[in-house]
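Just input_39.csv here, CSV, C-alpha atoms:
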chain,number,residue,atom,x,y,z
Q,17,MET,CA,13.2,66.1,82.1
Q,18,GLN,CA,14.2,62.8,83.6
Q,19,SER,CA,12.5,59.4,83.1
Q,20,ALA,CA,11.2,57.3,85.9
Q,21,THR,CA,14.6,55.7,86.2
Q,22,GLY,CA,16.2,59.1,86.8
Q,23,ILE,CA,18.2,59.0,83.5
Q,24,LYS,CA,17.9,61.9,81.2
Q,25,PRO,CA,16.6,61.0,77.7
Q,26,PRO,CA,19.0,61.6,74.9
Q,27,ASN,CA,19.2,65.2,73.6
Q,28,ALA,CA,18.3,65.3,69.9
Q,29,THR,CA,21.0,67.8,69.1
Q,30,CYS,CA,23.6,65.7,70.8
Q,31,GLN,CA,22.4,62.6,68.9
Q,32,VAL,CA,22.7,64.4,65.6
Q,33,TYR,CA,26.2,65.7,66.5
Q,34,LEU,CA,27.4,62.3,67.6
Q,35,ARG,CA,26.0,60.6,64.5
Q,36,ALA,CA,27.8,63.1,62.3
Q,37,VAL,CA,31.1,62.6,64.2
Q,38,HIS,CA,30.7,58.8,63.8
Q,39,ASP,CA,29.9,59.1,60.1
Q,40,SER,CA,33.1,61.2,59.7
Q,41,LEU,CA,35.2,58.7,61.6
Q,42,ASP,CA,33.8,55.8,59.6
Q,43,ILE,CA,35.1,57.5,56.5
Q,44,LEU,CA,38.4,58.9,57.8
Q,45,GLY,CA,39.1,56.6,60.7
Q,46,GLY,CA,42.0,54.2,61.0
Q,47,LYS,CA,45.8,54.6,60.9
Q,48,TRP,CA,46.3,55.6,57.3
Q,49,LYS,CA,43.5,57.6,55.7
Q,50,ILE,CA,44.4,61.0,57.2
Q,51,ALA,CA,48.0,60.5,56.3
Q,52,ILE,CA,47.1,59.6,52.7
Q,53,LEU,CA,44.8,62.6,52.4
Q,54,GLY,CA,47.5,64.8,53.9
Q,55,ALA,CA,50.1,63.6,51.4
Q,56,LEU,CA,47.6,64.2,48.5
Q,57,LYS,CA,47.0,67.7,49.8
Q,58,PHE,CA,50.4,68.7,48.5
Q,59,GLY,CA,49.6,67.5,44.9
Q,60,ASN,CA,49.0,64.4,42.8
Q,61,ARG,CA,51.0,61.3,43.7
Q,62,ARG,CA,51.8,58.0,42.1
Q,63,PHE,CA,51.3,54.8,44.1
Q,64,LYS,CA,54.9,54.3,45.0
Q,65,ASP,CA,55.3,58.0,45.9
Q,66,LEU,CA,52.4,57.7,48.3
Q,67,GLN,CA,53.9,54.5,49.8
Q,68,ARG,CA,57.2,56.3,50.4
Q,69,GLU,CA,55.5,59.4,51.9
Q,70,VAL,CA,53.1,57.5,54.2
Q,71,ASN,CA,55.8,55.9,56.3
Q,72,GLY,CA,55.1,52.3,57.3
Q,73,ILE,CA,52.1,51.5,55.1
Q,74,THR,CA,52.2,48.3,53.1
Q,75,ALA,CA,51.3,48.2,49.4
Q,76,LYS,CA,48.3,46.0,50.2
Q,77,MET,CA,47.0,48.5,52.9
Q,78,LEU,CA,47.6,51.5,50.7
Q,79,SER,CA,45.7,49.9,47.9
Q,80,LYS,CA,42.8,49.1,50.2
Q,81,GLU,CA,42.7,52.6,51.7
Q,82,LEU,CA,42.9,54.3,48.3
Q,83,LYS,CA,40.0,52.2,47.0
Q,84,GLU,CA,37.9,53.2,50.1
Q,85,LEU,CA,38.8,56.9,49.7
Q,86,GLU,CA,37.9,56.6,46.0
Q,87,MET,CA,34.6,54.9,46.8
Q,88,ASN,CA,33.8,57.8,49.1
Q,89,GLN,CA,34.7,60.3,46.4
Q,90,LEU,CA,37.6,61.9,48.3
Q,91,VAL,CA,40.3,60.6,45.9
Q,92,LYS,CA,40.4,60.3,42.1
Q,93,ARG,CA,42.5,57.6,40.4
Q,94,THR,CA,43.7,58.3,36.9
Q,95,VAL,CA,45.3,55.6,34.7
Q,96,TYR,CA,47.6,56.9,31.9
Q,97,ASP,CA,48.0,55.0,28.7
Q,98,SER,CA,51.8,54.7,28.8
Q,99,LYS,CA,54.4,52.1,28.9
Q,100,PRO,CA,54.6,51.1,31.7
Q,101,VAL,CA,51.1,52.1,32.7
Q,102,ALA,CA,51.1,55.0,35.1
Q,103,VAL,CA,48.5,55.5,37.8
Q,104,GLU,CA,48.1,58.8,39.7
Q,105,TYR,CA,46.0,59.8,42.6
Q,106,GLU,CA,44.7,63.2,43.5
Q,107,LEU,CA,42.2,64.8,45.9
Q,108,THR,CA,38.8,65.4,44.4
Q,109,HIS,CA,37.1,68.8,44.9
Q,110,TYR,CA,35.1,67.0,47.6
Q,111,GLY,CA,38.3,65.6,49.2
Q,112,ALA,CA,39.8,69.1,49.2
Q,113,SER,CA,36.8,70.2,51.4
Q,114,LEU,CA,38.7,68.4,54.2
Q,115,ASP,CA,41.5,71.0,54.1
Q,116,GLU,CA,40.3,72.9,57.2
Q,117,VAL,CA,39.8,69.6,59.0
Q,118,LEU,CA,43.4,68.4,58.1
Q,119,ASP,CA,44.8,71.8,59.0
Q,120,ALA,CA,43.0,71.8,62.4
Q,121,LEU,CA,44.3,68.3,63.1
Q,122,MET,CA,47.8,69.3,62.2
Q,123,ASN,CA,47.7,72.4,64.4
Q,124,TRP,CA,46.3,70.5,67.3
Q,125,GLY,CA,48.9,67.8,66.9
Q,126,LEU,CA,51.7,70.4,66.9
Q,127,ALA,CA,50.4,72.0,70.0
Q,128,HIS,CA,49.8,68.7,71.7
Q,129,ARG,CA,53.3,67.5,70.9
Q,130,LYS,CA,54.8,70.7,72.3
Q,131,ARG,CA,52.7,70.4,75.5
Q,132,ILE,CA,53.6,66.8,76.1
Q,133,MET,CA,57.3,67.3,75.4
Q,134,VAL,CA,57.4,70.2,77.9
Q,135,LYS,CA,55.9,68.0,80.6
Q,136,LYS,CA,58.5,65.2,80.3
Could you rewrite the structure in this file as C-alpha coordinates?
Amino acid sequence: MQSATGIKPPNATCQVYLRAVHDSLDILGGKWKIAILGALKFGNRRFKDLQREVNGITAKMLSKELKELEMNQLVKRTVYDSKPVAVEYELTHYGASLDEVLDALMNWGLAHRKRIMVKK
(Lines of atoms letter the chains of each structure in order from A and count residues from 1; the text may use other names and numbers.)
(Lines give C-alpha, C1' and ligand atoms only; values in the text may rest on other atoms or scores of the structure.)
Protein backbone atom coordinates (compact mmCIF):
# COMPACT_ATOMS: atom_id res chain seq x y z
CA MET A 1 0.00 0.00 0.00
CA GLN A 2 1.26 3.46 -0.87
CA SER A 3 0.75 6.65 1.09
CA ALA A 4 -0.85 9.76 -0.37
CA THR A 5 2.63 10.86 -1.48
CA GLY A 6 3.03 7.71 -3.57
CA ILE A 7 5.86 6.38 -1.39
CA LYS A 8 5.59 2.91 0.07
CA PRO A 9 5.76 2.78 3.87
CA PRO A 10 8.78 0.92 5.24
CA ASN A 11 8.44 -2.84 5.41
CA ALA A 12 8.75 -3.99 9.03
CA THR A 13 10.81 -7.05 8.04
CA CYS A 14 13.18 -4.86 6.05
CA GLN A 15 13.54 -2.46 8.99
CA VAL A 16 14.42 -5.30 11.39
CA TYR A 17 16.91 -6.69 8.86
CA LEU A 18 18.59 -3.32 8.32
CA ARG A 19 18.71 -2.58 12.06
CA ALA A 20 20.46 -5.91 12.67
CA VAL A 21 22.96 -5.23 9.87
CA HIS A 22 23.67 -1.77 11.31
CA ASP A 23 24.14 -3.24 14.79
CA SER A 24 26.63 -5.75 13.38
CA LEU A 25 28.53 -3.07 11.49
CA ASP A 26 28.64 -0.85 14.58
CA ILE A 27 30.45 -3.64 16.44
CA LEU A 28 32.61 -5.00 13.58
CA GLY A 29 32.98 -1.97 11.34
CA GLY A 30 36.15 -0.10 10.59
CA LYS A 31 39.44 -1.03 9.07
CA TRP A 32 40.87 -3.24 11.83
CA LYS A 33 38.34 -5.22 13.86
CA ILE A 34 37.74 -7.99 11.32
CA ALA A 35 41.51 -8.38 10.84
CA ILE A 36 42.08 -8.61 14.60
CA LEU A 37 39.31 -11.19 14.98
CA GLY A 38 40.70 -13.09 12.00
CA ALA A 39 44.16 -13.24 13.59
CA LEU A 40 42.71 -14.41 16.91
CA LYS A 41 40.77 -17.11 15.08
CA PHE A 42 44.09 -18.94 14.74
CA GLY A 43 44.84 -18.88 18.46
CA ASN A 44 45.75 -16.65 21.36
CA ARG A 45 48.10 -13.77 20.64
CA ARG A 46 50.15 -11.29 22.60
CA PHE A 47 49.81 -7.61 21.76
CA LYS A 48 53.03 -7.40 19.73
CA ASP A 49 52.13 -10.58 17.83
CA LEU A 50 48.79 -9.05 16.87
CA GLN A 51 50.47 -5.82 15.83
CA ARG A 52 52.82 -7.77 13.53
CA GLU A 53 50.01 -9.89 12.05
CA VAL A 54 47.58 -7.02 11.48
CA ASN A 55 49.76 -5.24 8.97
CA GLY A 56 49.74 -1.45 9.26
CA ILE A 57 47.92 -1.03 12.58
CA THR A 58 49.50 1.28 15.14
CA ALA A 59 49.87 0.29 18.78
CA LYS A 60 47.42 3.03 19.80
CA MET A 61 44.77 1.86 17.33
CA LEU A 62 45.26 -1.82 18.22
CA SER A 63 44.82 -0.97 21.90
CA LYS A 64 41.63 0.98 21.16
CA GLU A 65 40.16 -1.75 18.97
CA LEU A 66 41.00 -4.51 21.47
CA LYS A 67 39.29 -2.53 24.25
CA GLU A 68 36.14 -2.19 22.11
CA LEU A 69 36.18 -5.87 21.17
CA GLU A 70 36.64 -6.76 24.85
CA MET A 71 33.81 -4.42 25.84
CA ASN A 72 31.56 -6.23 23.36
CA GLN A 73 32.61 -9.60 24.82
CA LEU A 74 34.25 -10.81 21.61
CA VAL A 75 37.81 -10.84 22.97
CA LYS A 76 39.20 -11.79 26.37
CA ARG A 77 42.32 -10.16 27.78
CA THR A 78 44.43 -12.18 30.22
CA VAL A 79 47.27 -10.63 32.23
CA TYR A 80 49.87 -13.10 33.47
CA ASP A 81 51.79 -12.41 36.67
CA SER A 82 55.28 -12.71 35.22
CA LYS A 83 58.36 -10.56 34.79
CA PRO A 84 57.83 -8.72 32.52
CA VAL A 85 54.05 -8.81 32.69
CA ALA A 86 52.59 -10.74 29.76
CA VAL A 87 49.19 -9.93 28.26
CA GLU A 88 47.41 -12.33 25.93
CA TYR A 89 44.26 -11.94 23.88
CA GLU A 90 41.87 -14.65 22.76
CA LEU A 91 38.46 -14.98 21.20
CA THR A 92 35.68 -15.61 23.67
CA HIS A 93 33.11 -18.30 22.98
CA TYR A 94 30.86 -15.47 21.82
CA GLY A 95 33.63 -14.12 19.55
CA ALA A 96 34.06 -17.59 18.06
CA SER A 97 30.40 -17.42 17.03
CA LEU A 98 31.64 -15.13 14.24
CA ASP A 99 33.57 -17.99 12.58
CA GLU A 100 30.96 -18.48 9.85
CA VAL A 101 30.82 -14.74 9.21
CA LEU A 102 34.62 -14.46 8.96
CA ASP A 103 34.80 -17.53 6.71
CA ALA A 104 32.05 -16.12 4.46
CA LEU A 105 33.90 -12.80 4.19
CA MET A 106 37.15 -14.60 3.39
CA ASN A 107 35.51 -16.77 0.70
CA TRP A 108 33.75 -13.79 -0.84
CA GLY A 109 37.00 -11.79 -0.78
CA LEU A 110 38.91 -14.58 -2.54
CA ALA A 111 36.21 -14.89 -5.20
CA HIS A 112 36.04 -11.12 -5.65
CA ARG A 113 39.81 -10.79 -6.00
CA LYS A 114 39.82 -13.57 -8.59
CA ARG A 115 36.95 -11.93 -10.51
CA ILE A 116 38.54 -8.49 -10.48
CA MET A 117 42.02 -9.75 -11.42
CA VAL A 118 40.58 -11.57 -14.45
CA LYS A 119 38.87 -8.38 -15.65
CA LYS A 120 42.09 -6.34 -15.72
Interatomic distance between CA of Gly125 (chain Q) and CA of Leu78 (chain Q)? 23.0 Å
Could you tell me how far CA of Ala102 (chain Q) lies from CA of Glu86 (chain Q), in Å and to one decimal?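 Going from CA of Ala102 (chain Q) over to CA of Glu86 (chain Q) covers 17.2 Å.
Excluding Gly54 (chain Q) itself and any same-chain residue fewer than 3 positions from it, the protein and nucleic acid residues within 12 Å of it, counting only C-alpha atoms, are Q:Leu44, Q:Trp48, Q:Lys49, Q:Ile50, Q:Ala51, Q:Lys57, Q:Phe58, Q:Gly59, Q:Asn60, Q:Arg61, Q:Leu66, Q:Glu69, Q:Val70, Q:Leu90, Q:Val91, Q:Glu106, Q:Leu107, Q:Gly111, Q:Ala112, Q:Leu114, Q:Asp115, Q:Glu116, Q:Val117, Q:Leu118, Q:Asp119, Q:Ala120, Q:Leu121, Q:Met122.
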Mind pulling up the distance from CA of Ser113 (chain Q) to CA of Lys64 (chain Q)?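 Taking CA of Lys64 (chain Q) as the start and CA of Ser113 (chain Q) as the end point, the length is 24.9 Å.
Ranking Q:Gln67, Q:Thr74, Q:Asn123, Q:Ser40 by their shortest atom-to-atom distance to Asn88 (chain Q), with all atoms listed in the file included, puts Q:Ser40 first.
When only C-alpha atoms are used to measure the gap to Tyr96 (chain Q), the shortest distance among Q:Gly45, Q:Arg62, Q:Trp124, Q:Cys30 belongs to Q:Arg62.
Closest approach to Gly46 (chain Q) from the set Q:Met77, Q:Asn71, Q:Ile23, Q:Ala28 is made by Q:Met77, with distances taken over all atoms listed in the file.
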For each of Q:Leu85, Q:Val134, Q:Ile43, Q:Val95, take the minimum atom-to-atom distance to Thr108 (chain Q), counting all atoms listed in the file, then give the residue where this is smallest. Q:Leu85
